[in-house]
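Q: Input structure: work-v1.txt, which contains compact mmCIF, C-alpha atoms.
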```
# COMPACT_ATOMS: atom_id res chain seq x y z
CA MET A 1 20.99 -26.86 11.07
CA ALA A 2 19.75 -29.45 8.59
CA PHE A 3 17.18 -27.50 6.62
CA LYS A 4 19.16 -24.46 5.59
CA ARG A 5 17.95 -22.24 2.80
CA LEU A 6 20.61 -22.02 0.15
CA MET A 7 21.10 -18.96 -1.99
CA ILE A 8 20.41 -19.51 -5.69
CA GLN A 9 20.59 -17.39 -8.82
CA GLU A 10 17.47 -16.86 -10.87
CA GLY A 11 17.09 -14.36 -13.69
CA GLY A 12 20.31 -12.62 -12.62
CA LEU A 13 19.07 -12.12 -9.06
CA THR A 14 20.09 -13.91 -5.87
CA ARG A 15 17.30 -15.31 -3.72
CA ASN A 16 16.73 -17.91 -1.00
CA MET A 17 15.95 -21.46 -2.13
CA ARG A 18 12.23 -22.28 -2.00
CA ALA A 19 10.05 -25.33 -2.55
CA GLY A 20 10.65 -26.83 -5.97
CA ASP A 21 14.30 -25.79 -6.23
CA ASN A 22 15.29 -29.47 -5.66
CA TRP A 23 18.38 -29.65 -3.49
CA ASP A 24 19.38 -33.13 -2.28
CA ASN A 25 22.28 -34.48 -0.22
CA PRO A 26 21.27 -37.78 1.46
CA SER A 27 22.91 -39.69 4.30
CA ILE A 28 21.79 -43.30 4.93
CA THR A 29 20.60 -44.37 8.39
CA SER A 30 20.46 -48.18 8.61
CA ILE A 31 18.32 -49.69 11.39
CA ALA A 32 18.74 -53.42 12.03
CA THR A 33 16.35 -53.64 15.00
CA ASP A 34 13.46 -56.10 14.63
CA ALA A 35 10.80 -53.99 16.34
CA ALA A 36 8.29 -51.23 15.80
CA ALA A 37 10.12 -47.91 15.44
CA THR A 38 9.72 -44.18 15.52
CA ILE A 39 11.37 -42.44 12.58
CA SER A 40 13.06 -39.50 14.31
CA ALA A 41 13.46 -36.02 12.92
CA ALA A 42 17.24 -36.61 12.86
CA GLN A 43 16.74 -39.71 10.69
CA VAL A 44 14.43 -37.79 8.34
CA LEU A 45 17.08 -35.09 8.03
CA GLY A 46 19.61 -37.65 6.82
CA GLY A 47 17.55 -38.30 3.69
CA VAL A 48 17.43 -42.12 3.69
CA VAL A 49 16.11 -44.41 6.47
CA MET A 50 16.65 -48.13 5.83
CA PHE A 51 15.12 -50.91 7.95
CA THR A 52 17.02 -54.18 7.53
CA GLY A 53 16.03 -56.47 10.41
CA PHE A 54 12.27 -57.07 10.22
CA THR A 55 11.10 -60.67 10.65
CA THR A 56 7.44 -59.64 10.44
CA GLY A 57 5.55 -56.50 9.46
CA ARG A 58 6.26 -53.56 11.78
CA VAL A 59 4.68 -50.19 12.62
CA LEU A 60 6.81 -47.14 11.74
CA THR A 61 5.61 -44.06 13.62
CA THR A 62 6.57 -40.56 12.52
CA ASP A 63 8.20 -38.21 14.99
CA THR A 64 5.93 -35.54 16.46
CA ALA A 65 5.24 -32.30 14.61
CA ALA A 66 6.84 -30.39 17.49
CA ASN A 67 10.11 -32.32 17.05
CA LEU A 68 9.96 -31.93 13.27
CA ALA A 69 9.42 -28.16 13.65
CA LEU A 70 12.53 -27.96 15.85
CA ALA A 71 14.54 -29.93 13.29
CA PHE A 72 13.34 -27.79 10.36
CA PRO A 73 13.28 -24.25 11.79
CA GLU A 74 13.63 -22.54 8.41
CA MET A 75 10.71 -24.34 6.76
CA ASP A 76 7.84 -22.06 5.87
CA ILE A 77 4.26 -23.30 5.70
CA GLY A 78 3.98 -25.02 2.33
CA ASP A 79 7.66 -26.05 2.13
CA SER A 80 8.38 -29.76 1.57
CA TYR A 81 11.39 -31.96 2.24
CA GLY A 82 11.76 -35.25 0.37
CA PHE A 83 13.45 -38.37 1.71
CA SER A 84 13.33 -42.16 1.32
CA VAL A 85 12.26 -45.00 3.61
CA SER A 86 13.29 -48.53 2.71
CA CYS A 87 12.25 -51.94 4.09
CA ILE A 88 15.03 -54.24 2.90
CA ALA A 89 13.69 -57.43 4.49
CA ALA A 90 10.72 -59.37 3.10
CA PHE A 91 8.34 -57.60 5.50
CA ALA A 92 6.51 -54.28 5.19
CA GLY A 93 6.48 -51.26 7.47
CA THR A 94 3.10 -49.61 8.15
CA PHE A 95 3.20 -45.89 8.88
CA ALA A 96 1.50 -44.34 11.91
CA ALA A 97 1.27 -40.60 12.60
CA GLY A 98 2.96 -38.94 15.54
CA THR A 99 1.17 -36.08 17.29
CA GLY A 100 0.51 -33.19 14.89
CA VAL A 101 1.39 -35.21 11.78
CA THR A 102 -1.17 -36.18 9.12
CA LEU A 103 -0.55 -39.18 6.88
CA ALA A 104 -1.32 -38.99 3.16
CA GLY A 105 -0.72 -41.29 0.22
CA ARG A 106 0.31 -44.89 0.86
CA ALA A 107 0.05 -46.36 4.34
CA THR A 108 3.05 -48.67 3.98
CA CYS A 109 6.60 -49.16 2.85
CA PRO A 110 6.25 -52.47 0.98
CA ALA A 111 8.46 -55.46 1.76
CA SER A 112 11.81 -55.48 -0.07
CA SER A 113 11.10 -52.02 -1.42
CA SER A 114 11.38 -48.31 -0.74
CA VAL A 115 9.11 -45.29 -0.87
CA THR A 116 9.62 -41.58 -1.31
CA VAL A 117 8.17 -39.47 1.49
CA TYR A 118 7.49 -35.75 1.32
CA LEU A 119 7.27 -33.97 4.64
CA THR A 120 5.27 -30.75 4.16
CA ARG A 121 4.88 -28.09 6.79
CA THR A 122 1.19 -27.24 7.01
CA GLY A 123 1.14 -25.11 10.17
CA ALA A 124 3.26 -23.75 13.01
CA ALA A 125 3.34 -27.23 14.57
CA ALA A 126 1.71 -29.36 11.87
CA PHE A 127 3.13 -31.50 9.07
CA THR A 128 1.81 -33.84 6.41
CA TRP A 129 3.77 -37.06 5.75
CA THR A 130 2.97 -37.99 2.14
CA VAL A 131 4.11 -41.42 0.93
CA LEU A 132 4.43 -41.97 -2.81
```
Just dump the structure as structure tokens.

A:
Amino acid sequence: MAFKRLMIQEGGLTRNMRAGDNWDNPSITSIATDAAATISAAQVLGGVVMFTGFTTGRVLTTDTAANLALAFPEMDIGDSYGFSVSCIAAFAGTFAAGTGVTLAGRATCPASSSVTVYLTRTGAAAFTWTVL
């Protein structure tokens, strides 16, 4: 289970971790394919998705909200999970929304750059993919 609520101490009491408690443990997924791609829930869970093989701009589609909900079963509505997407090559990736996902913020991961993405659960099977 990738999104597991940790127990934390606050004011002498133990409670479950909630949004804003800032826990991070990334794993890098490197993708060398020169094609449009779907960023899977498993790749999101790793914390860093890096595209290295683009020879032109490519479309990066989010996984579906249903798949994201399965991958993040402990997320409550309003919880967010932060991760990074990087386009190493000199070509950008343009985000497209999978079913049940709403895009917010930037529409692209610029060439030779990275962006921070916050995945926020907004409903039982709905997420917002916010690119900073």

Q: Just the number, please: distance in Å from atom CA of A:Gly78 to atom CA of A:Gly47, one decimal.

A: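 Answer for the atom CA of A:Gly78 to atom CA of A:Gly47 separation: 19.0 Å.
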
Q: What lies within 12 Å of A:Leu103 using all atoms listed in the file, ignoring chain neighbours under 3 positions off, as a PyMOL selection string?

A: chain A and resi 60-63+65+94-100+106-108+117-120+126-132

Q: To one decimal place in Å, what is the distance between atom CA of A:Thr55 and atom CA of A:Ala42?

A: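 Value for the atom CA of A:Thr55-atom CA of A:Ala42 distance: 24.9 Å.
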
Q: So how many Å separate atom CA of A:Ala92 and atom CA of A:Gly57, to one decimal?

A: 4.9 Å

Q: What's around A:Gln43 at 12 Å? Count all atoms listed in the file, leave out sequence neighbours fewer than 3 positions away in its own chain, and write the answer as a list in words.

A: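 Near A:Gln43, the qualifying residues are Ala2, Pro26, Ser27, Ile28, Thr29, Ser30, Ile31, Ala37, Thr38, Ile39, Ser40, Gly46, Gly47, Val48, Val49, Met50, Phe51, Thr62, Asp63, Asn67, Leu68, Ala71, Phe83, Ser84 and Val85 of chain A.
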
Q: I'd like to know which of A:Val59, A:Ala111, A:Leu70, A:Ala36 is closest to A:Ser86, using all atoms listed in the file.

A: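 Counting all atoms listed in the file, the residue closest to A:Ser86 is A:Ala111.
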
Q: Point out the residue among A:Ala124, A:Ala89, A:Cys109, A:Ser114 with the least atom-to-atom distance to A:Phe72, counting only C-alpha atoms.

A: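 The shortest atom-to-atom distance to A:Phe72 comes from A:Ala124.
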
Q: With only C-alpha atoms as the atoms that count, which of A:Thr64, A:Gln9, A:Thr14, A:Ser113 lies nearest to A:Ala125?

A: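 Among A:Thr64, A:Gln9, A:Thr14, A:Ser113, it is A:Thr64 that comes nearest to A:Ala125.
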
Q: Tell me which of A:Pro110, A:Gly123, A:Gly105, A:Gly93 sits closest to A:Arg58, counting all atoms listed in the file.

A: A:Gly93
